[in-house]
file data-v3.txt (compact mmCIF, C-alpha atoms)
# COMPACT_ATOMS: atom_id res chain seq x y z
CA MET A 1 20.13 -6.63 21.63
CA LYS A 2 20.89 -3.56 23.72
CA VAL A 3 18.19 -0.88 23.43
CA ALA A 4 18.16 2.70 24.73
CA ILE A 5 15.13 5.02 24.83
CA TYR A 6 14.99 8.81 25.03
CA THR A 7 11.64 10.27 26.06
CA LEU A 8 10.36 13.78 25.41
CA GLY A 9 7.08 15.30 26.54
CA CYS A 10 4.24 14.34 28.81
CA LYS A 11 3.53 11.69 31.42
CA VAL A 12 1.74 9.57 28.82
CA ASN A 13 4.97 9.40 26.82
CA GLN A 14 6.84 8.50 30.00
CA TYR A 15 4.28 5.80 30.72
CA GLU A 16 4.54 4.36 27.22
CA THR A 17 8.33 4.36 27.41
CA GLN A 18 8.36 2.35 30.64
CA ALA A 19 5.83 -0.03 29.08
CA MET A 20 8.12 -0.52 26.07
CA GLU A 21 11.09 -1.07 28.37
CA SER A 22 9.14 -3.73 30.26
CA ALA A 23 8.07 -5.46 27.04
CA LEU A 24 11.60 -5.37 25.61
CA ARG A 25 12.99 -7.01 28.74
CA GLU A 26 10.36 -9.74 28.47
CA LYS A 27 11.54 -10.32 24.91
CA GLY A 28 15.07 -10.85 26.20
CA HIS A 29 16.58 -7.50 25.26
CA GLU A 30 18.72 -5.35 27.56
CA ILE A 31 17.75 -1.76 28.37
CA VAL A 32 20.73 0.57 28.66
CA ASP A 33 21.15 4.28 29.28
CA PHE A 34 20.75 6.50 26.23
CA SER A 35 24.35 7.69 26.62
CA ALA A 36 25.67 4.11 26.49
CA GLN A 37 26.59 1.98 23.50
CA ALA A 38 23.48 0.24 22.17
CA ASP A 39 22.33 -1.68 19.11
CA ALA A 40 19.14 0.35 18.79
CA TYR A 41 18.05 3.81 19.95
CA ILE A 42 14.39 4.78 20.28
CA VAL A 43 13.40 8.46 20.40
CA ASN A 44 9.87 8.78 21.78
CA THR A 45 8.99 12.26 20.57
CA CYS A 46 6.73 15.14 21.57
CA SER A 47 5.12 17.63 19.19
CA VAL A 48 3.14 19.90 21.48
CA THR A 49 5.06 22.94 20.18
CA ALA A 50 7.51 23.72 17.37
CA VAL A 51 10.21 23.80 20.06
CA SER A 52 9.32 20.20 20.93
CA ASP A 53 9.84 19.22 17.30
CA GLN A 54 13.23 20.94 17.33
CA LYS A 55 14.29 19.09 20.49
CA SER A 56 13.28 15.79 18.90
CA ARG A 57 15.37 16.54 15.79
CA GLN A 58 18.36 17.51 17.93
CA ILE A 59 18.26 14.20 19.82
CA ILE A 60 17.91 12.24 16.57
CA HIS A 61 20.83 14.08 14.90
CA ARG A 62 22.99 13.60 17.99
CA VAL A 63 22.51 9.84 18.20
CA GLN A 64 23.01 9.43 14.43
CA LYS A 65 26.33 11.27 14.71
CA GLN A 66 27.54 9.56 17.88
CA ARG A 67 26.34 6.01 17.12
CA PRO A 68 26.77 5.34 13.40
CA GLY A 69 25.63 1.84 12.48
CA ALA A 70 23.06 1.61 15.27
CA VAL A 71 19.35 1.39 14.48
CA VAL A 72 17.60 4.72 15.10
CA ALA A 73 13.85 4.38 15.58
CA VAL A 74 11.46 7.30 16.03
CA CYS A 75 7.93 7.11 17.42
CA GLY A 76 5.40 9.40 19.07
CA CYS A 77 3.55 12.58 18.24
CA TYR A 78 6.15 14.18 15.96
CA PRO A 79 6.11 11.50 13.23
CA GLN A 80 2.35 11.06 13.68
CA THR A 81 1.75 14.70 12.73
CA HIS A 82 4.85 15.45 10.61
CA ALA A 83 5.84 12.17 8.98
CA GLU A 84 7.59 13.84 6.04
CA ASP A 85 9.87 15.83 8.35
CA VAL A 86 10.93 12.71 10.25
CA ARG A 87 11.27 10.68 7.06
CA ALA A 88 13.76 13.27 5.78
CA LEU A 89 16.01 12.76 8.80
CA GLY A 90 17.25 9.42 7.47
CA VAL A 91 16.29 7.25 10.42
CA ASP A 92 15.71 3.50 10.20
CA LEU A 93 12.19 3.12 11.63
CA VAL A 94 9.35 5.64 11.76
CA ALA A 95 6.09 5.04 13.62
CA GLY A 96 3.42 7.20 15.23
CA THR A 97 1.51 7.08 18.50
CA GLY A 98 -0.40 3.84 17.96
CA ASP A 99 0.39 0.15 18.57
CA ARG A 100 3.42 0.37 20.81
CA MET A 101 3.85 -3.40 20.97
CA GLY A 102 3.70 -3.63 17.17
CA PHE A 103 6.37 -0.93 17.03
CA LEU A 104 8.71 -3.14 19.08
CA GLU A 105 8.19 -6.01 16.64
CA LEU A 106 9.09 -3.65 13.80
CA LEU A 107 12.20 -2.61 15.74
CA GLU A 108 13.35 -6.22 15.85
CA LYS A 109 12.57 -6.60 12.14
CA THR A 110 14.46 -3.42 11.26
CA ALA A 111 17.53 -4.59 13.19
CA ALA A 112 17.43 -8.05 11.59
CA GLU A 113 16.76 -7.01 8.00
CA LYS A 114 18.78 -3.76 7.96
CA ARG A 115 16.14 -1.88 5.96
CA TYR A 116 13.93 1.15 6.40
CA ILE A 117 10.43 0.51 7.80
CA GLU A 118 7.60 2.96 8.28
CA SER A 119 4.29 2.36 10.02
CA ILE A 120 1.98 5.31 10.62
CA ASP A 121 -1.77 4.81 10.86
CA GLU A 122 -4.66 7.28 10.64
CA SER A 123 -5.11 8.43 14.24
CA PHE A 124 -8.78 9.42 13.79
CA GLU A 125 -9.68 5.84 12.84
CA ARG A 126 -8.55 4.38 16.17
CA ARG A 127 -11.34 2.95 18.31
CA VAL A 128 -9.60 0.54 20.72
CA PHE A 129 -7.49 1.37 23.78
CA GLU A 130 -4.12 -0.36 23.70
CA VAL A 131 -3.48 -1.98 27.08
CA LEU A 132 0.17 -1.62 28.06
CA PRO A 133 2.09 -2.92 31.09
CA ALA A 134 1.64 -0.61 34.08
CA GLY A 135 4.47 0.29 36.39
CA GLY A 136 6.89 2.92 37.57
CA GLN A 137 10.43 4.17 37.27
CA SER A 138 11.05 5.08 40.91
CA ARG A 139 11.95 1.87 42.73
CA ARG A 140 8.47 0.68 43.70
CA THR A 141 7.19 3.97 45.13
CA ARG A 142 4.87 5.63 42.62
CA ALA A 143 3.44 3.98 39.51
CA MET A 144 1.70 5.51 36.53
CA LEU A 145 -1.46 3.85 35.27
CA LYS A 146 -2.66 4.94 31.83
CA VAL A 147 -6.44 4.68 31.63
CA GLU A 148 -7.29 6.74 28.53
CA ASP A 149 -5.90 7.94 25.22
CA GLY A 150 -7.03 10.57 22.74
CA CYS A 151 -8.77 13.94 22.92
CA VAL A 152 -11.59 15.64 21.01
CA ASN A 153 -11.47 19.10 22.58
CA PHE A 154 -9.60 20.72 19.68
CA CYS A 155 -8.23 23.74 21.53
CA THR A 156 -6.99 26.19 18.92
CA TYR A 157 -3.35 26.04 20.11
CA CYS A 158 -3.09 22.25 20.38
CA ILE A 159 -2.16 19.57 17.86
CA ILE A 160 -2.60 16.61 20.21
CA PRO A 161 -6.08 15.54 18.96
CA TYR A 162 -4.50 15.07 15.52
CA ALA A 163 -1.60 13.12 17.03
CA ARG A 164 -3.61 10.91 19.37
CA GLY A 165 -7.03 10.54 17.77
CA PRO A 166 -10.41 10.14 19.48
CA VAL A 167 -11.04 9.18 23.10
CA ARG A 168 -10.40 5.51 23.92
CA SER A 169 -10.88 4.29 27.49
CA ALA A 170 -9.45 1.26 29.22
CA PRO A 171 -12.32 -0.93 30.52
CA LEU A 172 -12.82 -0.61 34.28
CA GLU A 173 -12.07 -4.30 34.85
CA THR A 174 -8.73 -3.94 33.05
CA VAL A 175 -7.77 -0.92 35.13
CA GLN A 176 -8.73 -2.69 38.35
CA LYS A 177 -6.64 -5.71 37.45
CA GLN A 178 -3.60 -3.54 36.77
CA ALA A 179 -4.14 -1.53 39.96
CA ALA A 180 -4.30 -4.72 42.03
CA GLN A 181 -1.09 -5.94 40.39
CA LEU A 182 0.67 -2.67 41.18
CA LYS A 183 -0.31 -3.01 44.83
CA ALA A 184 1.01 -6.57 44.86
CA GLU A 185 4.32 -5.33 43.43
CA GLY A 186 4.71 -2.93 46.36
CA TYR A 187 3.75 0.43 44.90
CA ARG A 188 2.27 2.84 47.45
CA GLU A 189 0.79 5.35 45.01
CA ILE A 190 -0.90 5.15 41.61
CA VAL A 191 -0.91 8.17 39.30
CA VAL A 192 -3.93 8.01 36.99
CA THR A 193 -2.79 9.32 33.63
CA GLY A 194 -3.99 9.76 30.07
CA ILE A 195 -4.21 12.38 27.36
CA GLU A 196 -7.53 13.68 28.76
CA ILE A 197 -8.58 11.57 31.73
CA SER A 198 -11.70 13.66 32.31
CA SER A 199 -13.08 12.00 29.16
CA TRP A 200 -12.62 8.48 30.53
CA GLY A 201 -15.70 6.37 29.86
CA ARG A 202 -17.18 8.55 27.12
CA ASP A 203 -16.57 5.91 24.45
CA LEU A 204 -17.63 2.97 26.62
CA LYS A 205 -21.24 4.19 26.48
CA ASN A 206 -22.22 2.42 29.70
CA GLY A 207 -22.75 5.49 31.87
CA GLN A 208 -19.42 5.17 33.67
CA THR A 209 -17.38 8.31 34.29
CA LEU A 210 -14.09 9.21 35.94
CA ILE A 211 -15.50 9.02 39.47
CA ASP A 212 -16.63 5.42 38.83
CA LEU A 213 -13.08 4.65 37.71
CA LEU A 214 -11.58 6.13 40.87
CA GLU A 215 -13.94 4.18 43.10
CA GLY A 216 -13.03 1.05 41.14
CA ILE A 217 -9.30 1.60 41.60
CA SER A 218 -9.81 2.19 45.32
CA SER A 219 -11.71 -1.09 45.73
CA ALA A 220 -9.12 -3.03 43.70
CA ALA A 221 -6.06 -1.59 45.49
CA PRO A 222 -7.18 -0.53 48.99
CA GLY A 223 -4.62 1.45 50.91
CA VAL A 224 -2.75 2.57 47.80
CA ARG A 225 -2.81 6.30 47.20
CA ILE A 226 -4.56 7.55 44.07
CA ARG A 227 -3.24 10.70 42.44
CA LEU A 228 -4.98 12.33 39.49
CA GLY A 229 -3.44 13.75 36.36
CA SER A 230 -4.70 16.92 34.70
CA LEU A 231 -8.47 17.47 34.84
CA GLU A 232 -10.89 19.44 32.69
CA PRO A 233 -12.55 21.93 35.11
CA ARG A 234 -16.08 20.82 34.18
CA THR A 235 -15.28 17.41 35.68
CA ILE A 236 -15.61 18.99 39.12
CA THR A 237 -19.29 18.83 40.04
CA GLU A 238 -20.98 18.52 43.39
CA GLU A 239 -21.61 14.81 42.81
CA PHE A 240 -17.99 14.24 41.79
CA CYS A 241 -16.71 15.99 44.91
CA HIS A 242 -19.17 14.21 47.21
CA ARG A 243 -18.08 10.78 45.97
CA ALA A 244 -14.39 11.68 45.63
CA ALA A 245 -14.22 12.95 49.21
CA ALA A 246 -15.41 9.52 50.36
CA ILE A 247 -12.39 7.78 48.76
CA PRO A 248 -9.81 7.68 51.56
CA GLU A 249 -6.91 6.98 49.22
CA LEU A 250 -7.56 9.92 46.89
CA CYS A 251 -4.87 12.58 47.16
CA PRO A 252 -6.35 16.08 47.56
CA GLN A 253 -4.29 17.54 44.73
CA PHE A 254 -6.28 18.63 41.70
CA HIS A 255 -4.62 19.95 38.57
CA LEU A 256 -7.28 21.97 36.76
CA SER A 257 -6.09 23.27 33.40
CA LEU A 258 -6.80 27.00 33.20
CA GLN A 259 -4.64 28.44 30.37
CA SER A 260 -6.20 31.91 30.76
CA GLY A 261 -8.22 33.80 33.34
CA CYS A 262 -9.94 35.95 30.72
CA ASP A 263 -13.17 34.84 29.03
CA GLU A 264 -12.34 36.45 25.68
CA THR A 265 -9.00 34.65 25.56
CA LEU A 266 -10.61 31.37 26.59
CA ARG A 267 -13.02 31.70 23.67
CA ARG A 268 -10.14 32.23 21.24
CA MET A 269 -8.52 29.14 22.73
CA ASN A 270 -11.78 27.18 22.22
CA ARG A 271 -11.75 26.11 25.85
CA ARG A 272 -15.09 24.63 26.93
CA TYR A 273 -15.56 26.66 30.11
CA ASP A 274 -15.47 30.28 31.24
CA THR A 275 -13.97 31.81 34.37
CA ALA A 276 -17.26 31.57 36.27
CA ARG A 277 -17.41 27.80 35.71
CA TYR A 278 -13.75 27.43 36.59
CA LEU A 279 -14.18 29.35 39.83
CA GLU A 280 -17.15 27.15 40.68
CA SER A 281 -14.86 24.11 40.43
CA VAL A 282 -12.30 25.74 42.72
CA GLU A 283 -14.96 26.61 45.29
CA LEU A 284 -16.40 23.07 45.22
CA LEU A 285 -13.01 21.52 45.85
CA ASN A 286 -12.37 23.88 48.75
CA ARG A 287 -15.78 23.03 50.20
CA PHE A 288 -15.38 19.25 50.07
CA PHE A 289 -11.65 18.92 50.82
CA ARG A 290 -9.61 20.51 53.59
CA ARG A 291 -6.94 22.76 52.07
CA PRO A 292 -6.71 20.93 48.74
CA ALA A 293 -3.74 21.74 46.53
CA ILE A 294 -5.28 23.18 43.38
CA THR A 295 -2.65 23.51 40.66
CA THR A 296 -2.86 24.69 37.09
CA ASP A 297 -1.25 25.59 33.74
CA LEU A 298 -1.22 29.09 32.28
CA ILE A 299 -0.33 30.32 28.79
CA THR A 300 0.80 33.95 28.58
CA GLY A 301 0.75 36.13 25.49
CA PHE A 302 -1.75 34.02 23.59
CA PRO A 303 -2.53 35.48 20.13
CA GLU A 304 -4.48 38.74 20.37
CA GLU A 305 -4.26 38.82 24.17
CA THR A 306 -4.27 42.47 25.24
CA GLU A 307 -2.72 44.00 28.32
CA GLU A 308 -6.20 44.46 29.77
CA GLU A 309 -7.04 40.79 29.18
CA PHE A 310 -3.80 39.71 30.84
CA ASP A 311 -4.53 41.96 33.83
CA ARG A 312 -7.84 40.12 34.19
CA THR A 313 -5.94 36.84 34.16
CA LEU A 314 -3.67 38.05 36.98
CA GLU A 315 -6.68 39.12 39.02
CA PHE A 316 -8.36 35.76 38.42
CA ILE A 317 -5.41 33.60 39.47
CA ARG A 318 -5.20 35.57 42.72
CA ARG A 319 -8.86 34.72 43.40
CA CYS A 320 -8.15 31.04 42.82
CA ALA A 321 -5.14 31.05 45.20
CA PHE A 322 -3.33 28.22 43.43
CA ALA A 323 -0.93 26.04 45.36
CA GLN A 324 1.34 25.79 42.35
CA MET A 325 1.34 26.88 38.71
CA HIS A 326 3.12 25.90 35.50
CA ILE A 327 3.48 28.98 33.30
CA PHE A 328 4.36 28.94 29.60
CA PRO A 329 4.81 31.84 27.17
CA TYR A 330 2.68 30.99 24.13
CA SER A 331 4.63 29.00 21.55
CA ILE A 332 3.35 28.71 17.98
CA ARG A 333 2.35 25.22 16.95
CA PRO A 334 2.19 25.23 13.12
CA GLY A 335 -0.91 23.48 11.82
CA THR A 336 -3.22 24.81 14.53
CA PRO A 337 -5.79 27.65 14.19
CA ALA A 338 -3.94 29.81 16.72
CA ALA A 339 -0.86 29.85 14.50
CA GLY A 340 -2.84 31.96 12.01
CA MET A 341 -4.01 34.52 14.56
CA ARG A 342 -2.31 37.86 15.23
CA GLN A 343 0.71 37.09 17.37
CA ASN A 344 2.12 38.95 20.35
CA PRO A 345 5.84 39.78 20.28
CA LYS A 346 8.14 37.35 22.08
CA SER A 347 9.12 40.07 24.54
CA VAL A 348 5.48 40.59 25.53
CA LYS A 349 4.87 36.87 26.01
CA GLU A 350 7.96 36.50 28.19
CA GLU A 351 7.33 39.65 30.22
CA ARG A 352 3.80 38.46 31.04
CA ALA A 353 5.17 35.03 31.96
CA HIS A 354 7.56 36.68 34.45
CA ARG A 355 4.73 38.68 36.01
CA ALA A 356 2.51 35.62 36.31
CA ALA A 357 5.42 33.63 37.76
CA ALA A 358 5.90 36.25 40.48
CA GLU A 359 2.23 35.91 41.46
CA ALA A 360 2.52 32.12 41.36
CA GLU A 361 5.56 32.16 43.63
CA GLU A 362 3.72 34.27 46.22
CA MET A 363 0.73 31.92 46.16
CA HIS A 364 2.97 28.86 46.44
CA GLU A 365 4.79 30.30 49.46
CA ALA A 366 1.45 31.20 51.07
CA TYR A 367 0.15 27.67 50.55
CA LEU A 368 3.29 26.18 52.08
CA LYS A 369 3.07 28.48 55.10
CA GLY A 370 -0.51 27.33 55.61
CA CYS A 371 0.77 23.76 55.93
CA VAL A 372 2.89 24.55 59.01
CA GLY A 373 1.47 22.83 62.07
CA GLU A 374 -0.43 20.26 60.01
CA VAL A 375 0.23 16.51 60.19
CA TYR A 376 0.51 14.66 56.86
CA PRO A 377 1.13 11.02 55.97
CA VAL A 378 4.28 11.37 53.86
CA LEU A 379 5.37 8.82 51.29
CA PHE A 380 9.16 8.93 51.44
CA GLU A 381 11.17 8.43 48.29
CA GLN A 382 14.86 9.34 48.46
CA PRO A 383 17.65 10.88 50.55
CA ARG A 384 18.58 14.48 49.80
CA ASP A 385 21.39 16.54 51.30
CA GLY A 386 21.43 14.73 54.64
CA ALA A 387 17.66 14.58 54.86
CA PHE A 388 14.99 12.26 53.48
CA SER A 389 12.49 13.58 50.96
CA GLY A 390 8.93 12.53 50.22
CA HIS A 391 5.54 13.93 49.28
CA ALA A 392 2.42 14.66 51.28
CA PRO A 393 -0.97 13.77 49.78
CA ASN A 394 -1.20 17.37 48.51
CA TYR A 395 2.07 16.70 46.59
CA MET A 396 4.07 19.25 48.53
CA GLU A 397 7.62 18.05 49.10
CA VAL A 398 8.37 17.20 52.73
CA LEU A 399 11.84 16.71 54.20
CA VAL A 400 12.90 15.31 57.56
CA SER A 401 16.42 15.44 58.96
CA GLY A 402 18.40 12.28 59.44
CA GLY A 403 19.77 9.40 57.43
CA GLU A 404 17.28 6.66 58.31
CA GLU A 405 16.28 4.53 55.32
CA LEU A 406 12.71 5.55 54.64
CA HIS A 407 12.30 4.67 50.97
CA ASN A 408 8.73 3.60 50.15
CA VAL A 409 7.65 4.07 53.76
CA ILE A 410 4.69 6.21 54.83
CA LYS A 411 5.12 8.13 58.08
CA ASN A 412 2.99 10.76 59.77
CA VAL A 413 4.96 14.01 59.81
CA ARG A 414 4.21 17.23 61.69
CA ILE A 415 5.22 20.22 59.58
CA LEU A 416 7.51 22.58 61.48
CA ARG A 417 8.47 25.15 58.86
CA ALA A 418 8.36 26.08 55.18
CA ASP A 419 11.43 27.31 53.32
CA GLY A 420 9.60 28.75 50.32
CA GLN A 421 10.09 25.67 48.15
CA ALA A 422 9.41 22.71 50.45
CA LEU A 423 8.19 21.72 53.91
CA TRP A 424 10.32 20.51 56.83
CA GLY A 425 8.93 18.37 59.57
CA GLU A 426 9.40 15.76 62.28
CA ILE A 427 8.21 12.16 62.20
CA LEU A 428 5.64 11.31 64.86
CA GLU A 429 6.22 8.17 66.87
CA GLU A 430 2.77 6.63 66.41
CA THR A 431 3.24 5.86 62.71
CA GLU A 432 3.66 2.69 60.74

call {"tool": "encode", "arguments": {"input": "data-v3.txt", "output": "structure tokens"}}
result
Amino acid sequence: MKVAIYTLGCKVNQYETQAMESALREKGHEIVDFSAQADAYIVNTCSVTAVSDQKSRQIIHRVQKQRPGAVVAVCGCYPQTHAEDVRALGVDLVAGTGDRMGFLELLEKTAAEKRYIESIDESFERRVFEVLPAGGQSRRTRAMLKVEDGCVNFCTYCIIPYARGPVRSAPLETVQKQAAQLKAEGYREIVVTGIEISSWGRDLKNGQTLIDLLEGISSAAPGVRIRLGSLEPRTITEEFCHRAAAIPELCPQFHLSLQSGCDETLRRMNRRYDTARYLESVELLNRFFRRPAITTDLITGFPEETEEEFDRTLEFIRRCAFAQMHIFPYSIRPGTPAAGMRQNPKSVKEERAHRAAAEAEEMHEAYLKGCVGEVYPVLFEQPRDGAFSGHAPNYMEVLVSGGEELHNVIKNVRILRADGQALWGEILEETE
């Protein structure tokens, strides 16, 4: 049958979607665009905020209206945490965040038997990591490799621990086998992803941690770049940096979740670090890596955040000198402790987001300007407006003029200028 999938949310959802697409093709089904006529439509949902739930419902309603008679199947975090809401939408198949391959079997059963099926487990009872096919969606350039699922941090604004359950890690040998396969398939970069990759190895109880995993991937797929997903700041220790700096393939881009630069706000968020520990991580990375790109997330207008607390956050992000920031006005997630706290008005949350964004833009432009004159090995991906675009190890976009086919090629590029959003350079002759 023809199957279409719509994906909302994080890189883990994107990873699981491409794994389902791969498995469906192996079963003999055809994957089509979500806008095309299909026999079955899968909506892989996100539930990180109430807005995410709303987007999921909108997509479900739209496909039900436009494709009457087709099977509509819903999976992901929204049904895992709000099964009754999804059940009321009148879809054909409802499942949560577990057992993706079992979900595809239920999809086939739903289509064959023309009856409603529901399969939602208890996320906190999960103990085994589900190994899914690894791969990418960008023509053999960059592949995602999921190594971990689950989270036990229980930040007060976040529902994901309830949606994903406890930490489950892929065994190192399994990850190495998949990494080697990705190299054999021609991928030049592996993005290590998971719900909370800093927790990798915790459940294996063999002493292995994230740095052991990275060294293992490097040995299994030498020459393939390794890019990290979001990290908990306490992951960054002197030992971690010492060993990480010795991995030649490791990209010097580190996304350290911040959320707030004020200790009082961090405590209300139930984050497991304070600003002093966070700054220590930033300083360690700058000591062991040359001009690393340190990126982060920031929530503005968190419940009970005062103007003074936000001013401290602005001062702190300037000290960190981030290469890039993702900034979100706080959005209530019903069912979390933060939803019951005293809320800031929407106007305050958005105004603070604008102020933080202005600071972030200045820091981003300053980081780009600091790249001028440097030489980076750039992994090229696609043509753009008469130029060819790719990414340096620090994940800054690099463009070179000309129409030469450079897809999936790594070339050394000298950076000539920065335009505020990207870098422009020239390819050096002595490159591969």

call {"tool": "residues_near_point", "arguments": {"input": "data-v3.txt", "point": "(-1.7, 43.1, 29.3)", "cutoff": "12 Å", "atoms": "all atoms listed in the file", "output": "number ranges by chain"}}
result
A: 262, 265, 300-315, 344, 348-353, 355-356

call {"tool": "atom_distance", "arguments": {"input": "data-v3.txt", "atom1": "atom CA of A:Leu258", "atom2": "atom CA of A:Arg202"}}
result
22.0 Å

call {"tool": "atom_distance", "arguments": {"input": "data-v3.txt", "atom1": "atom CA of A:Gly201", "atom2": "atom CA of A:Ala170"}}
result
8.1 Å

call {"tool": "atom_distance", "arguments": {"input": "data-v3.txt", "atom1": "atom CA of A:Pro337", "atom2": "atom CA of A:Ala50"}}
result
14.2 Å

call {"tool": "closest_residue", "arguments": {"input": "data-v3.txt", "among": "A:Glu365, A:Glu173, A:Asp385, A:Asp53", "to": "A:Ala321", "atoms": "all atoms listed in the file"}}
result
A:Glu365

call {"tool": "closest_residue", "arguments": {"input": "data-v3.txt", "among": "A:Leu250, A:Ile236, A:Ile120, A:Leu182", "to": "A:Leu284", "atoms": "all atoms listed in the file"}}
result
A:Ile236

call {"tool": "closest_residue", "arguments": {"input": "data-v3.txt", "among": "A:Ile211, A:Leu298, A:Val74, A:Ala23", "to": "A:Glu105", "atoms": "all atoms listed in the file"}}
result
A:Ala23

call {"tool": "residues_around", "arguments": {"input": "data-v3.txt", "residues": "stretch 325-327 of chain A", "least_positions_apart": "5", "cutoff": "10 Å", "atoms": "only C-alpha atoms", "output": "PyMOL selection string"}}
result
chain A and resi 255+257-259+294-300+317+352-354+356-357+359-361+363-364

call {"tool": "residues_around", "arguments": {"input": "data-v3.txt", "residues": "A:Arg291", "least_positions_apart": "2", "cutoff": "9 Å", "atoms": "only C-alpha atoms", "output": "PyMOL selection string"}}
result
chain A and resi 252+285-286+289+293-294+367+370-371+394

call {"tool": "closest_residue", "arguments": {"input": "data-v3.txt", "among": "A:Ala418, A:Lys114, A:Gln54, A:Arg333", "to": "A:Gly69", "atoms": "only C-alpha atoms"}}
result
A:Lys114

call {"tool": "closest_residue", "arguments": {"input": "data-v3.txt", "among": "A:Ala338, A:Ile60, A:Ile217, A:Ile415", "to": "A:Glu249", "atoms": "all atoms listed in the file"}}
result
A:Ile217

call {"tool": "closest_residue", "arguments": {"input": "data-v3.txt", "among": "A:Gln343, A:Thr45, A:Ser260, A:Ser199", "to": "A:Val94", "atoms": "only C-alpha atoms"}}
result
A:Thr45

call {"tool": "residues_around", "arguments": {"input": "data-v3.txt", "residues": "A:His407", "least_positions_apart": "2", "cutoff": "8 Å", "atoms": "all atoms listed in the file", "output": "number ranges by chain"}}
result
A: 141, 380-382, 405, 409

call {"tool": "axis_aligned_box", "arguments": {"input": "data-v3.txt", "around": "stretch 75-89 of chain A", "padding_each_side": "3 Å", "output": "AutoDock Vina command-line options"}}
result
--center_x 8.9 --center_y 11.5 --center_z 12.4 --size_x 20.3 --size_y 14.7 --size_z 19.3
